[in-house]
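Q: Structure file work.cif, mmCIF, C-alpha atoms and all ligand atoms, is pasted below:
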data_run
#
loop_
_atom_site.group_PDB
_atom_site.id
_atom_site.type_symbol
_atom_site.label_atom_id
_atom_site.label_comp_id
_atom_site.auth_asym_id
_atom_site.auth_seq_id
_atom_site.Cartn_x
_atom_site.Cartn_y
_atom_site.Cartn_z
ATOM 1 C CA MET A 13 -7.240 -10.905 2.850
ATOM 2 C CA ALA A 14 -9.474 -8.991 5.239
ATOM 3 C CA VAL A 15 -10.177 -10.573 8.604
ATOM 4 C CA PRO A 16 -12.828 -8.331 10.120
ATOM 5 C CA GLY A 17 -13.536 -8.456 13.802
ATOM 6 C CA SER A 18 -17.110 -9.190 14.722
ATOM 7 C CA ALA A 19 -17.644 -7.425 18.035
ATOM 8 C CA ASP A 20 -17.667 -3.698 18.538
ATOM 9 C CA HIS A 21 -16.288 -3.946 22.037
ATOM 10 C CA ILE A 22 -13.508 -1.744 23.289
ATOM 11 C CA THR A 23 -11.452 -2.656 26.331
ATOM 12 C CA GLY A 24 -8.916 -0.698 28.308
ATOM 13 C CA GLY A 25 -11.072 2.367 28.892
ATOM 14 C CA ALA A 26 -11.057 4.642 31.877
ATOM 15 C CA ALA A 27 -14.146 3.107 33.474
ATOM 16 C CA GLY A 28 -13.642 2.459 37.151
ATOM 17 C CA ARG A 29 -10.594 4.705 37.575
ATOM 18 C CA ALA A 30 -12.175 8.123 37.335
ATOM 19 C CA GLY A 31 -13.143 10.002 40.451
ATOM 20 C CA ARG A 32 -10.829 8.333 42.981
ATOM 21 C CA PRO A 33 -9.307 11.081 45.131
ATOM 22 C CA GLY A 34 -5.617 11.559 44.494
ATOM 23 C CA VAL A 35 -5.543 9.159 41.548
ATOM 24 C CA ARG A 36 -4.939 10.712 38.160
ATOM 25 C CA ASP A 37 -7.203 9.359 35.462
ATOM 26 C CA GLN A 38 -4.751 8.013 32.884
ATOM 27 C CA GLY A 39 -7.396 6.417 30.710
ATOM 28 C CA PRO A 40 -7.776 7.423 27.097
ATOM 29 C CA ALA A 41 -9.784 10.480 26.167
ATOM 30 C CA ALA A 42 -12.767 8.935 24.407
ATOM 31 C CA SER A 43 -12.818 11.366 21.514
ATOM 32 C CA ARG A 44 -9.292 12.732 20.974
ATOM 33 C CA MET A 45 -8.886 10.650 17.806
ATOM 34 C CA ALA A 46 -12.516 10.822 16.637
ATOM 35 C CA GLY A 47 -12.727 11.164 12.881
ATOM 36 C CA ARG A 48 -9.160 9.947 12.351
ATOM 37 C CA ARG A 49 -8.447 7.082 9.951
ATOM 38 C CA ALA A 50 -5.568 4.950 11.222
ATOM 39 C CA LEU A 51 -3.403 2.239 9.706
ATOM 40 C CA VAL A 52 -1.188 0.116 11.969
ATOM 41 C CA SER A 53 1.475 -2.221 10.583
ATOM 42 C CA GLY A 54 2.416 -5.115 12.843
ATOM 43 C CA GLY A 55 -1.036 -4.759 14.366
ATOM 44 C CA ALA A 56 -1.479 -8.431 15.267
ATOM 45 C CA SER A 57 0.815 -8.394 18.304
ATOM 46 C CA GLY A 58 2.629 -6.416 20.961
ATOM 47 C CA ILE A 59 2.960 -2.646 20.602
ATOM 48 C CA GLY A 60 1.051 -2.570 17.291
ATOM 49 C CA LEU A 61 -1.885 -4.416 18.830
ATOM 50 C CA ALA A 62 -1.841 -2.171 21.916
ATOM 51 C CA THR A 63 -1.918 0.858 19.618
ATOM 52 C CA VAL A 64 -4.884 -0.563 17.686
ATOM 53 C CA ARG A 65 -6.687 -0.868 21.035
ATOM 54 C CA ARG A 66 -5.716 2.631 22.172
ATOM 55 C CA LEU A 67 -6.657 4.275 18.868
ATOM 56 C CA ARG A 68 -10.039 2.516 18.932
ATOM 57 C CA ALA A 69 -10.573 3.564 22.554
ATOM 58 C CA GLU A 70 -9.881 7.195 21.589
ATOM 59 C CA GLY A 71 -12.423 7.130 18.770
ATOM 60 C CA ALA A 72 -10.339 6.444 15.630
ATOM 61 C CA GLN A 73 -11.258 4.031 12.879
ATOM 62 C CA VAL A 74 -8.412 1.532 12.560
ATOM 63 C CA VAL A 75 -7.197 -0.979 9.989
ATOM 64 C CA ALA A 76 -4.287 -3.238 10.934
ATOM 65 C CA ILE A 77 -1.884 -4.995 8.606
ATOM 66 C CA ASP A 78 0.410 -7.844 9.518
ATOM 67 C CA ARG A 79 2.021 -10.761 7.736
ATOM 68 C CA ARG A 80 -0.039 -13.110 9.877
ATOM 69 C CA PRO A 81 -3.627 -12.666 11.043
ATOM 70 C CA PRO A 82 -4.237 -12.129 14.741
ATOM 71 C CA ALA A 83 -5.705 -14.830 16.929
ATOM 72 C CA PRO A 84 -9.506 -14.919 16.359
ATOM 73 C CA GLU A 85 -10.245 -13.738 19.897
ATOM 74 C CA LEU A 86 -8.004 -10.680 19.368
ATOM 75 C CA ALA A 87 -9.681 -9.898 16.049
ATOM 76 C CA ARG A 88 -13.053 -10.020 17.795
ATOM 77 C CA GLU A 89 -11.860 -7.926 20.739
ATOM 78 C CA THR A 90 -10.243 -5.138 18.737
ATOM 79 C CA ALA A 91 -13.048 -5.068 16.134
ATOM 80 C CA ALA A 92 -10.548 -3.661 13.641
ATOM 81 C CA PRO A 93 -10.267 -5.087 10.120
ATOM 82 C CA PHE A 94 -6.959 -6.883 9.537
ATOM 83 C CA LEU A 95 -5.277 -7.099 6.155
ATOM 84 C CA VAL A 96 -2.617 -9.720 5.618
ATOM 85 C CA ALA A 97 0.396 -8.071 3.991
ATOM 86 C CA ASP A 98 4.181 -8.361 4.080
ATOM 87 C CA VAL A 99 5.615 -4.858 4.541
ATOM 88 C CA THR A 100 8.757 -5.763 2.600
ATOM 89 C CA ARG A 101 6.746 -6.284 -0.604
ATOM 90 C CA ALA A 102 5.839 -3.124 -2.471
ATOM 91 C CA HIS A 103 2.800 -4.732 -4.133
ATOM 92 C CA ASP A 104 1.439 -6.024 -0.824
ATOM 93 C CA VAL A 105 1.872 -2.569 0.683
ATOM 94 C CA ALA A 106 0.224 -0.746 -2.232
ATOM 95 C CA ASP A 107 -2.751 -3.154 -2.155
ATOM 96 C CA ALA A 108 -3.058 -2.875 1.632
ATOM 97 C CA VAL A 109 -3.051 0.948 1.596
ATOM 98 C CA THR A 110 -5.658 0.968 -1.203
ATOM 99 C CA GLN A 111 -7.866 -1.523 0.669
ATOM 100 C CA ALA A 112 -7.404 0.356 3.934
ATOM 101 C CA SER A 113 -8.413 3.630 2.263
ATOM 102 C CA THR A 114 -11.618 1.972 1.047
ATOM 103 C CA LEU A 115 -12.397 0.488 4.456
ATOM 104 C CA LEU A 116 -11.658 3.799 6.220
ATOM 105 C CA GLY A 117 -13.462 6.030 3.715
ATOM 106 C CA GLY A 118 -10.297 7.930 2.799
ATOM 107 C CA PRO A 119 -6.516 7.633 2.998
ATOM 108 C CA PRO A 120 -5.145 6.857 6.475
ATOM 109 C CA ASP A 121 -4.257 10.107 8.256
ATOM 110 C CA VAL A 122 -2.576 8.221 11.094
ATOM 111 C CA LEU A 123 0.089 5.607 10.399
ATOM 112 C CA LEU A 124 2.013 3.519 12.903
ATOM 113 C CA ASN A 125 4.892 1.510 11.455
ATOM 114 C CA ALA A 126 5.279 -1.221 14.097
ATOM 115 C CA ALA A 127 6.061 -4.313 11.983
ATOM 116 C CA GLY A 128 9.470 -5.560 12.992
ATOM 117 C CA ILE A 129 11.694 -8.464 13.937
ATOM 118 C CA TYR A 130 14.471 -8.830 16.507
ATOM 119 C CA ARG A 131 17.245 -11.345 16.031
ATOM 120 C CA MET A 132 20.435 -11.855 18.047
ATOM 121 C CA ARG A 133 23.657 -12.889 16.339
ATOM 122 C CA PRO A 134 27.246 -11.905 17.181
ATOM 123 C CA LEU A 135 28.724 -9.760 14.427
ATOM 124 C CA LEU A 136 31.354 -12.324 13.425
ATOM 125 C CA GLU A 137 28.606 -14.940 12.837
ATOM 126 C CA LEU A 138 26.059 -12.627 11.213
ATOM 127 C CA THR A 139 25.237 -13.686 7.643
ATOM 128 C CA PRO A 140 24.349 -11.306 4.807
ATOM 129 C CA ALA A 141 20.929 -13.013 4.576
ATOM 130 C CA GLU A 142 20.205 -12.306 8.259
ATOM 131 C CA TRP A 143 21.351 -8.705 7.819
ATOM 132 C CA ASP A 144 19.146 -8.264 4.737
ATOM 133 C CA GLU A 145 16.031 -9.799 6.339
ATOM 134 C CA THR A 146 16.203 -7.495 9.363
ATOM 135 C CA LEU A 147 16.922 -4.380 7.309
ATOM 136 C CA ALA A 148 14.127 -5.306 4.873
ATOM 137 C CA ILE A 149 11.408 -5.633 7.502
ATOM 138 C CA ASN A 150 12.446 -2.956 9.981
ATOM 139 C CA LEU A 151 13.696 -0.251 7.615
ATOM 140 C CA ARG A 152 12.500 -0.933 4.041
ATOM 141 C CA GLY A 153 9.048 -1.828 5.433
ATOM 142 C CA SER A 154 8.750 1.523 7.233
ATOM 143 C CA PHE A 155 9.859 3.297 4.053
ATOM 144 C CA LEU A 156 7.382 1.461 1.806
ATOM 145 C CA VAL A 157 4.334 1.872 4.032
ATOM 146 C CA GLY A 158 5.215 5.474 4.890
ATOM 147 C CA GLN A 159 5.724 6.371 1.243
ATOM 148 C CA ALA A 160 2.424 4.763 0.162
ATOM 149 C CA VAL A 161 0.430 6.505 2.893
ATOM 150 C CA ALA A 162 2.077 9.898 2.359
ATOM 151 C CA ALA A 163 1.496 9.671 -1.406
ATOM 152 C CA ALA A 164 -2.204 8.958 -0.835
ATOM 153 C CA LEU A 165 -2.521 11.877 1.605
ATOM 154 C CA ILE A 166 -0.658 14.290 -0.662
ATOM 155 C CA ASP A 167 -2.801 13.221 -3.661
ATOM 156 C CA ALA A 168 -5.888 14.045 -1.610
ATOM 157 C CA SER A 169 -4.367 17.274 -0.165
ATOM 158 C CA LEU A 170 -4.906 15.951 3.364
ATOM 159 C CA PRO A 171 -2.697 16.335 6.466
ATOM 160 C CA GLY A 172 -1.630 13.395 8.599
ATOM 161 C CA ALA A 173 0.712 12.014 11.238
ATOM 162 C CA ILE A 174 3.124 9.102 10.972
ATOM 163 C CA VAL A 175 4.840 7.386 13.900
ATOM 164 C CA ASN A 176 7.715 4.992 13.260
ATOM 165 C CA ILE A 177 9.025 2.584 15.884
ATOM 166 C CA ALA A 178 12.784 2.783 16.312
ATOM 167 C CA SER A 179 14.457 1.494 19.496
ATOM 168 C CA THR A 180 16.911 2.431 22.205
ATOM 169 C CA ALA A 181 19.109 -0.079 20.328
ATOM 170 C CA ALA A 182 19.553 2.689 17.756
ATOM 171 C CA LEU A 183 21.112 4.844 20.473
ATOM 172 C CA VAL A 184 23.236 2.514 22.616
ATOM 173 C CA ALA A 185 25.092 -0.747 22.008
ATOM 174 C CA ASP A 186 24.814 -3.817 24.248
ATOM 175 C CA ALA A 187 27.402 -6.602 24.118
ATOM 176 C CA ALA A 188 25.063 -8.923 26.024
ATOM 177 C CA GLU A 189 22.461 -8.786 23.212
ATOM 178 C CA PRO A 190 24.464 -8.816 19.963
ATOM 179 C CA THR A 191 22.114 -7.288 17.424
ATOM 180 C CA ALA A 192 24.145 -5.145 15.007
ATOM 181 C CA HIS A 193 21.672 -5.688 12.153
ATOM 182 C CA TYR A 194 18.740 -4.722 14.368
ATOM 183 C CA ASN A 195 20.563 -1.690 15.792
ATOM 184 C CA ALA A 196 21.513 -0.505 12.301
ATOM 185 C CA SER A 197 17.942 -0.945 11.052
ATOM 186 C CA LYS A 198 16.582 1.124 13.930
ATOM 187 C CA ALA A 199 19.193 3.870 13.528
ATOM 188 C CA GLY A 200 18.027 3.938 9.919
ATOM 189 C CA VAL A 201 14.436 4.339 11.102
ATOM 190 C CA ILE A 202 15.424 7.472 13.055
ATOM 191 C CA ALA A 203 17.185 8.953 10.009
ATOM 192 C CA LEU A 204 14.217 7.982 7.809
ATOM 193 C CA THR A 205 11.853 9.648 10.282
ATOM 194 C CA ARG A 206 13.735 12.944 10.166
ATOM 195 C CA GLN A 207 13.901 12.952 6.383
ATOM 196 C CA MET A 208 10.218 12.048 5.976
ATOM 197 C CA ALA A 209 9.389 14.833 8.432
ATOM 198 C CA VAL A 210 11.233 17.579 6.573
ATOM 199 C CA GLU A 211 10.186 16.463 3.074
ATOM 200 C CA TRP A 212 6.519 16.090 3.985
ATOM 201 C CA ALA A 213 6.100 18.992 6.437
ATOM 202 C CA PRO A 214 5.001 21.320 3.601
ATOM 203 C CA HIS A 215 2.109 18.889 3.024
ATOM 204 C CA GLY A 216 0.986 19.008 6.666
ATOM 205 C CA ILE A 217 2.306 15.529 7.436
ATOM 206 C CA ARG A 218 4.147 15.200 10.764
ATOM 207 C CA VAL A 219 6.530 12.285 11.238
ATOM 208 C CA ASN A 220 7.964 11.201 14.588
ATOM 209 C CA ALA A 221 9.464 8.083 16.126
ATOM 210 C CA VAL A 222 9.436 6.340 19.467
ATOM 211 C CA CYS A 223 12.462 4.497 20.836
ATOM 212 C CA PRO A 224 11.105 1.818 23.172
ATOM 213 C CA GLY A 225 13.418 0.246 25.724
ATOM 214 C CA VAL A 226 12.599 -3.180 27.185
ATOM 215 C CA ILE A 227 8.896 -3.723 26.593
ATOM 216 C CA ASP A 228 6.943 -6.792 27.651
ATOM 217 C CA THR A 229 5.811 -8.225 24.282
ATOM 218 C CA PRO A 230 6.393 -11.547 22.483
ATOM 219 C CA MET A 231 9.527 -9.980 20.930
ATOM 220 C CA LEU A 232 11.273 -9.421 24.274
ATOM 221 C CA ARG A 233 14.278 -11.662 24.951
ATOM 222 C CA LEU A 234 15.621 -9.937 28.095
ATOM 223 C CA MET A 235 13.644 -12.118 30.492
ATOM 224 C CA ASP A 236 14.604 -15.443 28.830
ATOM 225 C CA ASP A 237 16.997 -15.588 31.790
ATOM 226 C CA PRO A 238 14.853 -14.105 34.582
ATOM 227 C CA VAL A 239 17.737 -13.618 37.036
ATOM 228 C CA ALA A 240 19.965 -11.819 34.528
ATOM 229 C CA GLY A 241 16.919 -9.950 33.222
ATOM 230 C CA GLN A 242 15.990 -8.657 36.670
ATOM 231 C CA ALA A 243 19.631 -7.688 37.318
ATOM 232 C CA TYR A 244 19.558 -5.652 34.101
ATOM 233 C CA LEU A 245 16.325 -3.926 35.146
ATOM 234 C CA ASP A 246 17.746 -3.134 38.592
ATOM 235 C CA SER A 247 20.990 -1.648 37.288
ATOM 236 C CA CYS A 248 20.191 -0.250 33.838
ATOM 237 C CA VAL A 249 16.566 0.946 33.989
ATOM 238 C CA PRO A 250 15.939 3.779 36.482
ATOM 239 C CA LEU A 251 12.243 2.821 36.773
ATOM 240 C CA ARG A 252 13.422 -0.774 37.494
ATOM 241 C CA ARG A 253 10.798 -2.618 35.498
ATOM 242 C CA LEU A 254 9.791 -3.587 31.983
ATOM 243 C CA GLY A 255 7.550 -1.231 30.070
ATOM 244 C CA THR A 256 4.172 -2.361 28.793
ATOM 245 C CA ALA A 257 2.938 -2.245 25.220
ATOM 246 C CA ALA A 258 0.082 -0.024 26.401
ATOM 247 C CA GLU A 259 2.571 2.520 27.816
ATOM 248 C CA VAL A 260 4.294 2.769 24.445
ATOM 249 C CA ALA A 261 0.943 2.960 22.651
ATOM 250 C CA ALA A 262 -0.038 5.931 24.822
ATOM 251 C CA VAL A 263 3.006 7.889 23.602
ATOM 252 C CA ILE A 264 2.418 6.815 19.989
ATOM 253 C CA VAL A 265 -1.183 8.030 20.062
ATOM 254 C CA PHE A 266 -0.100 11.299 21.693
ATOM 255 C CA LEU A 267 2.401 11.839 18.849
ATOM 256 C CA ALA A 268 -0.308 11.076 16.275
ATOM 257 C CA SER A 269 -2.844 13.370 17.952
ATOM 258 C CA ASP A 270 -3.328 17.104 17.637
ATOM 259 C CA ASP A 271 -1.875 17.422 21.147
ATOM 260 C CA ALA A 272 1.480 17.015 19.352
ATOM 261 C CA ALA A 273 0.605 19.456 16.552
ATOM 262 C CA TYR A 274 3.963 21.294 16.781
ATOM 263 C CA LEU A 275 6.096 18.152 17.119
ATOM 264 C CA THR A 276 7.787 16.655 14.115
ATOM 265 C CA ALA A 277 11.110 14.917 13.367
ATOM 266 C CA VAL A 278 11.677 13.780 16.968
ATOM 267 C CA ALA A 279 12.547 10.335 18.326
ATOM 268 C CA VAL A 280 11.128 9.944 21.829
ATOM 269 C CA PRO A 281 12.673 7.341 24.152
ATOM 270 C CA VAL A 282 10.007 5.330 25.994
ATOM 271 C CA ASP A 283 12.494 3.434 28.091
ATOM 272 C CA GLY A 284 12.052 3.965 31.829
ATOM 273 C CA GLY A 285 15.064 6.272 31.730
ATOM 274 C CA SER A 286 17.552 3.681 30.471
ATOM 275 C CA THR A 287 19.236 5.910 27.884
ATOM 276 C CA ALA A 288 19.888 8.589 30.538
ATOM 277 C CA ILE A 289 22.418 6.509 32.480
HETATM 278 P P1 LIG B 301 5.870 -8.342 18.244
HETATM 279 O O1 LIG B 301 6.706 -9.464 17.745
HETATM 280 O O2 LIG B 301 4.899 -8.588 19.317
HETATM 281 O O3 LIG B 301 5.104 -7.648 17.008
HETATM 282 C C1 LIG B 301 5.716 -7.443 15.769
HETATM 283 C C2 LIG B 301 4.687 -7.697 14.681
HETATM 284 O O4 LIG B 301 5.277 -7.406 13.403
HETATM 285 C C3 LIG B 301 4.191 -9.160 14.630
HETATM 286 O O5 LIG B 301 2.784 -9.235 14.687
HETATM 287 C C4 LIG B 301 4.724 -9.658 13.292
HETATM 288 O O6 LIG B 301 3.908 -10.647 12.671
HETATM 289 C C5 LIG B 301 4.788 -8.373 12.481
HETATM 290 N N1 LIG B 301 5.674 -8.480 11.333
HETATM 291 C C6 LIG B 301 6.948 -8.977 11.315
HETATM 292 N N2 LIG B 301 7.420 -8.962 10.066
HETATM 293 C C7 LIG B 301 6.438 -8.465 9.274
HETATM 294 C C8 LIG B 301 6.327 -8.229 7.870
HETATM 295 N N3 LIG B 301 7.333 -8.517 7.031
HETATM 296 N N4 LIG B 301 5.177 -7.702 7.392
HETATM 297 C C9 LIG B 301 4.148 -7.429 8.222
HETATM 298 N N5 LIG B 301 4.186 -7.657 9.554
HETATM 299 C C10 LIG B 301 5.321 -8.162 10.072
HETATM 300 O O7 LIG B 301 6.921 -7.227 18.695
HETATM 301 P P2 LIG B 301 6.736 -5.793 19.385
HETATM 302 O O8 LIG B 301 7.576 -5.778 20.580
HETATM 303 O O9 LIG B 301 5.330 -5.392 19.458
HETATM 304 O O10 LIG B 301 7.479 -4.900 18.283
HETATM 305 C C11 LIG B 301 6.837 -3.802 17.621
HETATM 306 C C12 LIG B 301 7.938 -2.844 17.183
HETATM 307 O O11 LIG B 301 8.549 -2.311 18.354
HETATM 308 C C13 LIG B 301 9.046 -3.495 16.362
HETATM 309 O O12 LIG B 301 9.428 -2.625 15.330
HETATM 310 C C14 LIG B 301 10.149 -3.646 17.372
HETATM 311 O O13 LIG B 301 11.419 -3.678 16.751
HETATM 312 C C15 LIG B 301 9.948 -2.429 18.227
HETATM 313 N N6 LIG B 301 10.573 -2.487 19.543
HETATM 314 C C16 LIG B 301 10.183 -3.422 20.474
HETATM 315 C C17 LIG B 301 10.818 -3.459 21.705
HETATM 316 C C18 LIG B 301 10.462 -4.457 22.769
HETATM 317 O O14 LIG B 301 11.157 -4.500 23.800
HETATM 318 N N7 LIG B 301 9.422 -5.243 22.612
HETATM 319 C C19 LIG B 301 11.912 -2.523 22.034
HETATM 320 C C20 LIG B 301 12.216 -1.579 20.988
HETATM 321 C C21 LIG B 301 11.558 -1.579 19.803
#
Hey, can you dump this file as structure tokens for me?
A:
Amino acid sequence: MAVPGSADHITGGAAGRAGRPGVRDQGPAASRMAGRRALVSGGASGIGLATVRRLRAEGAQVVAIDRRPPAPELARETAAPFLVADVTRAHDVADAVTQASTLLGGPPDVLLNAAGIYRMRPLLELTPAEWDETLAINLRGSFLVGQAVAAALIDASLPGAIVNIASTAALVADAAEPTAHYNASKAGVIALTRQMAVEWAPHGIRVNAVCPGVIDTPMLRLMDDPVAGQAYLDSCVPLRRLGTAAEVAAVIVFLASDDAAYLTAVAVPVDGGSTAI
């Protein structure tokens, strides 16, 4: 089901920041992604939604897929068509990539795999069904969408760039947030990223990952207890604050852009320094 936005209005641009002495303009370059055709899974919320906004602001055409449509005001604001699809279902994914290719006028040459879930459960209580659900969405979903997009690009002899979202949870354990299934799924995403990168490099397809730390989106659980959450930020995050979805999106779009033309098979922490200590 396509849920097209109705307004062609882009927010988050550099207007108003440029030209102030001593202040770097960190706004998006209006044309870096011009001519690029982007597909974003998990595009209805959080980091996926922020990346839809950033890609649009940098000139790309964007189609988002998610298992639920975005709120109507978000659909209007991003002006990006949304396709409802479950990334764990191969048929949904194949249909969504075909529809996206039609809407974009060619196969997506930028893919962000952002669809994901985060569930806490101590290992001794974790059920096989909970394990399977998390692995299916976070890992199988990235495989299915990545495979469908790469196949379409290779069929058309076109280059492209894929960014997968892993997590710092793939790199470090945390007894306070028991998430073995999540951590394993995200470690799998890093391994999947490297393998996609080396198998598809001969076709001009780069594949990288980001490893976000604690990012302020609806998924975040750290601040459910604000006192403990702030204590964690003060002691475990050198920059001493949460990251924003827009800050992760900026790195994702860099990795997808030609500015990262010689980067492939890397997993970049976007974590305020937390994995360094
Ligand atoms: P979010 O909950 O705001 O967005 C996730 C989106 O994925 C939602 O719109 C949801 O509907 C969609 N989704 C879930 N299952 C799906 C399925 N089967 N098919 C299609 N869409 C599906 O969360 P957030 O924070 O934006 O997460 C984006 C990615 O970033 C996830 O992969 C997450 O694991 C990862 N991440 C987030 C961190 C954080 O602190 N927020 C930290 C590290 C990684």
Q: Pick from A:Arg79, A:Arg44, A:Arg66, A:Arg252: nearest to ligand LIG 301 (chain B), with all atoms listed in the file counted?
A: A:Arg79
Q: Could you build a table of the residues in chain A lying no more than 8 Å from ligand LIG 301 (chain B), giving for each the nearest pair of atoms and their separation in Å rounded to one decimal place, using all atoms listed in the file, ordered by chain and ascending residue number, as a tab-separated table?
A:
residue	atom	partner	partner_atom	distance
A:Ser53	CA	B:LIG301	N5	6.2
A:Gly54	CA	B:LIG301	O4	3.7
A:Gly55	CA	B:LIG301	O5	5.9
A:Ala56	CA	B:LIG301	O5	4.4
A:Ser57	CA	B:LIG301	O5	4.2
A:Gly58	CA	B:LIG301	O9	3.3
A:Ile59	CA	B:LIG301	O9	3.8
A:Gly60	CA	B:LIG301	O9	5.6
A:Leu61	CA	B:LIG301	O9	7.3
A:Ile77	CA	B:LIG301	C9	6.5
A:Asp78	CA	B:LIG301	N5	3.8
A:Arg79	CA	B:LIG301	C9	4.0
A:Arg80	CA	B:LIG301	O6	5.4
A:Pro81	CA	B:LIG301	O6	8.0
A:Pro82	CA	B:LIG301	O5	7.6
A:Val96	CA	B:LIG301	C9	7.6
A:Ala97	CA	B:LIG301	C9	5.7
A:Asp98	CA	B:LIG301	N4	3.5
A:Val99	CA	B:LIG301	N4	4.1
A:Thr100	CA	B:LIG301	N3	5.4
A:Arg101	CA	B:LIG301	N3	8.0
A:Asn125	CA	B:LIG301	O12	7.3
A:Ala126	CA	B:LIG301	C12	4.4
A:Ala127	CA	B:LIG301	O4	3.5
A:Gly128	CA	B:LIG301	O12	3.8
A:Ile129	CA	B:LIG301	C6	5.4
A:Tyr130	CA	B:LIG301	O13	6.0
A:Ala148	CA	B:LIG301	N3	7.8
A:Ile149	CA	B:LIG301	N3	5.0
A:Asn150	CA	B:LIG301	O12	6.2
A:Gly153	CA	B:LIG301	N3	7.1
A:Ile177	CA	B:LIG301	O12	5.3
A:Ala178	CA	B:LIG301	C21	5.7
A:Ser179	CA	B:LIG301	C20	4.1
A:Thr180	CA	B:LIG301	C20	6.3
A:Ala181	CA	B:LIG301	C20	7.1
A:Tyr194	CA	B:LIG301	O13	7.8
A:Lys198	CA	B:LIG301	O13	7.6
A:Cys223	CA	B:LIG301	C20	6.1
A:Pro224	CA	B:LIG301	C20	4.2
A:Gly225	CA	B:LIG301	C19	4.9
A:Val226	CA	B:LIG301	O14	3.9
A:Ile227	CA	B:LIG301	O14	3.7
A:Asp228	CA	B:LIG301	N7	5.8
A:Thr229	CA	B:LIG301	O8	4.8
A:Pro230	CA	B:LIG301	O2	4.6
A:Met231	CA	B:LIG301	O1	4.3
A:Leu232	CA	B:LIG301	N7	4.9
A:Arg233	CA	B:LIG301	O14	7.9
A:Gly255	CA	B:LIG301	O14	7.9
A:Ala257	CA	B:LIG301	O9	7.0
Q: Atoms to include: C-alpha atoms. Write the selected residues as a compact mmCIF listing (two decimals), keeping the file's coordinate frame.
A:
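Produced file result-v2.txt, reproduced below:
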# COMPACT_ATOMS: atom_id res chain seq x y z
CA SER A 53 1.48 -2.22 10.58
CA GLY A 54 2.42 -5.12 12.84
CA GLY A 55 -1.04 -4.76 14.37
CA ALA A 56 -1.48 -8.43 15.27
CA SER A 57 0.82 -8.39 18.30
CA GLY A 58 2.63 -6.42 20.96
CA ILE A 59 2.96 -2.65 20.60
CA GLY A 60 1.05 -2.57 17.29
CA LEU A 61 -1.88 -4.42 18.83
CA ILE A 77 -1.88 -5.00 8.61
CA ASP A 78 0.41 -7.84 9.52
CA ARG A 79 2.02 -10.76 7.74
CA ARG A 80 -0.04 -13.11 9.88
CA PRO A 81 -3.63 -12.67 11.04
CA PRO A 82 -4.24 -12.13 14.74
CA VAL A 96 -2.62 -9.72 5.62
CA ALA A 97 0.40 -8.07 3.99
CA ASP A 98 4.18 -8.36 4.08
CA VAL A 99 5.62 -4.86 4.54
CA THR A 100 8.76 -5.76 2.60
CA ARG A 101 6.75 -6.28 -0.60
CA ASN A 125 4.89 1.51 11.46
CA ALA A 126 5.28 -1.22 14.10
CA ALA A 127 6.06 -4.31 11.98
CA GLY A 128 9.47 -5.56 12.99
CA ILE A 129 11.69 -8.46 13.94
CA TYR A 130 14.47 -8.83 16.51
CA ALA A 148 14.13 -5.31 4.87
CA ILE A 149 11.41 -5.63 7.50
CA ASN A 150 12.45 -2.96 9.98
CA GLY A 153 9.05 -1.83 5.43
CA ILE A 177 9.02 2.58 15.88
CA ALA A 178 12.78 2.78 16.31
CA SER A 179 14.46 1.49 19.50
CA THR A 180 16.91 2.43 22.20
CA ALA A 181 19.11 -0.08 20.33
CA TYR A 194 18.74 -4.72 14.37
CA LYS A 198 16.58 1.12 13.93
CA CYS A 223 12.46 4.50 20.84
CA PRO A 224 11.10 1.82 23.17
CA GLY A 225 13.42 0.25 25.72
CA VAL A 226 12.60 -3.18 27.18
CA ILE A 227 8.90 -3.72 26.59
CA ASP A 228 6.94 -6.79 27.65
CA THR A 229 5.81 -8.22 24.28
CA PRO A 230 6.39 -11.55 22.48
CA MET A 231 9.53 -9.98 20.93
CA LEU A 232 11.27 -9.42 24.27
CA ARG A 233 14.28 -11.66 24.95
CA GLY A 255 7.55 -1.23 30.07
CA ALA A 257 2.94 -2.24 25.22
Q: Which centre and edge lengths in Å to one decimal define the box along x, y and z that fits every listed atom of range 251-260 of chain A plus 3 Å per side, as JSON?
A:
{"center_x": 6.8, "center_y": -0.4, "center_z": 31.0, "size_x": 19.3, "size_y": 12.4, "size_z": 19.0}
Q: Any chance you could work out the residue set of the PyMOL selection byres (((chain A and resi 216) around 8) and not hetatm) here, as a PyMOL selection string?
A: chain A and resi 170-172+212-215+217-218
Q: Taking the file above as input, evaluate the PyMOL selection byres (((chain A and resi 245) around 12) and not hetatm) and report the hits as a compact mmCIF listing (two decimals) with C-alpha atoms, in the coordinates of the input.
A:
# COMPACT_ATOMS: atom_id res chain seq x y z
CA GLY A 225 13.42 0.25 25.72
CA VAL A 226 12.60 -3.18 27.18
CA ILE A 227 8.90 -3.72 26.59
CA LEU A 234 15.62 -9.94 28.10
CA MET A 235 13.64 -12.12 30.49
CA PRO A 238 14.85 -14.10 34.58
CA VAL A 239 17.74 -13.62 37.04
CA ALA A 240 19.96 -11.82 34.53
CA GLY A 241 16.92 -9.95 33.22
CA GLN A 242 15.99 -8.66 36.67
CA ALA A 243 19.63 -7.69 37.32
CA TYR A 244 19.56 -5.65 34.10
CA ASP A 246 17.75 -3.13 38.59
CA SER A 247 20.99 -1.65 37.29
CA CYS A 248 20.19 -0.25 33.84
CA VAL A 249 16.57 0.95 33.99
CA PRO A 250 15.94 3.78 36.48
CA LEU A 251 12.24 2.82 36.77
CA ARG A 252 13.42 -0.77 37.49
CA ARG A 253 10.80 -2.62 35.50
CA LEU A 254 9.79 -3.59 31.98
CA GLY A 255 7.55 -1.23 30.07
CA ASP A 283 12.49 3.43 28.09
CA GLY A 284 12.05 3.96 31.83
CA GLY A 285 15.06 6.27 31.73
CA SER A 286 17.55 3.68 30.47
